[in-house]
Amino acid sequence: MARDARDEARRRLSALAPDPTAQWAPARSLERDAALLGRLLTAAANHQQTGGRAADVTSDDLGAALSLFEDMRHQLDRLESQVVIEARRRDMDWRQIAQHQGLNSQQAASQRYQRLMTRLEEIRQGVR
């Protein structure tokens, strides 16, 4: 998906509600963790740009950041699957869904959804 299309998607979705993360915990969790990762990367860049005069990012800090990604992927999987379910509920076909996901075929979109559901079920059962 082109950058302009992503910007347009963000604009459209922003118009739906004043604060879409206020009431939905998975979105709020993603927002918080992404902001923390941004702070880590900003601190690392500041340390390099100031020749070491800014706070240094330690290996423990980097490890803490890396530990956030698995949960973020899980939350993204949940969000994506719920949006696909809503799209199907509103009569979008797999071809349309594939187009919006940047996929080449309706089969690819359907398979992606099936993989998402399998991963989420494995997480729920403690297999992953």
# chains A, B, ... in the order shown; residues from 1 in each chain; ligands from 1
call {"tool": "residues_around", "arguments": {"residues": "Leu79 (chain A)", "least_positions_apart": "2", "cutoff": "12 Å", "atoms": "only C-alpha atoms", "output": "JSON, numbers by chain"}}
result
{"A": [21, 24, 25, 26, 27, 28, 29, 30, 72, 73, 74, 75, 76, 77, 81, 82, 83, 84, 85, 86, 113, 116, 117, 120]}
call {"tool": "write_last_selection", "arguments": {"atoms": "C-alpha atoms", "output": "compact mmCIF listing (two decimals), in the first residue's frame"}}
result
# COMPACT_ATOMS: atom_id res chain seq x y z
CA THR A 21 -7.84 3.75 21.97
CA TRP A 24 -10.21 -0.70 23.74
CA ALA A 25 -7.39 -2.25 25.76
CA PRO A 26 -5.47 -4.03 22.92
CA ALA A 27 -5.17 -0.79 20.94
CA ARG A 28 -4.15 1.12 24.07
CA SER A 29 -1.51 -1.51 24.88
CA LEU A 30 -0.06 -1.29 21.38
CA MET A 72 2.59 -6.54 20.33
CA ARG A 73 2.35 -9.14 17.55
CA HIS A 74 -0.38 -10.93 19.48
CA GLN A 75 -2.33 -7.70 19.93
CA LEU A 76 -1.92 -6.85 16.24
CA ASP A 77 -3.13 -10.32 15.27
CA SER A 81 -8.64 -10.66 12.84
CA GLN A 82 -11.41 -8.60 14.40
CA VAL A 83 -11.27 -6.05 11.57
CA VAL A 84 -11.45 -8.86 9.00
CA ILE A 85 -14.42 -10.38 10.83
CA GLU A 86 -16.15 -7.01 10.78
CA TYR A 113 -6.93 -14.80 8.10
CA LEU A 116 -4.10 -15.42 12.19
CA MET A 117 -6.90 -17.48 13.70
CA LEU A 120 -4.52 -16.82 18.17
call {"tool": "residues_around", "arguments": {"residues": "region 36-43 of chain A", "least_positions_apart": "5", "cutoff": "8 Å", "atoms": "only C-alpha atoms", "output": "ChimeraX atom specification"}}
result
/A:54-57,61-62,65
call {"tool": "atom_distance", "arguments": {"atom1": "CA of Trp94 (chain A)", "atom2": "CA of Gln107 (chain A)"}}
result
7.3 Å
call {"tool": "select_by_dssp", "arguments": {"residues": "region 15-128 of chain A", "states": "helix (DSSP H, G or I)", "output": "PyMOL selection string"}}
result
chain A and resi 25-49+59-89+94-101+106-125
call {"tool": "closest_residue", "arguments": {"among": "A:Glu31, A:Arg95, A:Gln114, A:Ser105", "to": "Glu80 (chain A)", "atoms": "only C-alpha atoms"}}
result
A:Gln114
call {"tool": "closest_residue", "arguments": {"among": "A:Leu66, A:Ala98, A:Leu16, A:Ala5", "to": "Gln111 (chain A)", "atoms": "only C-alpha atoms"}}
result
A:Ala98
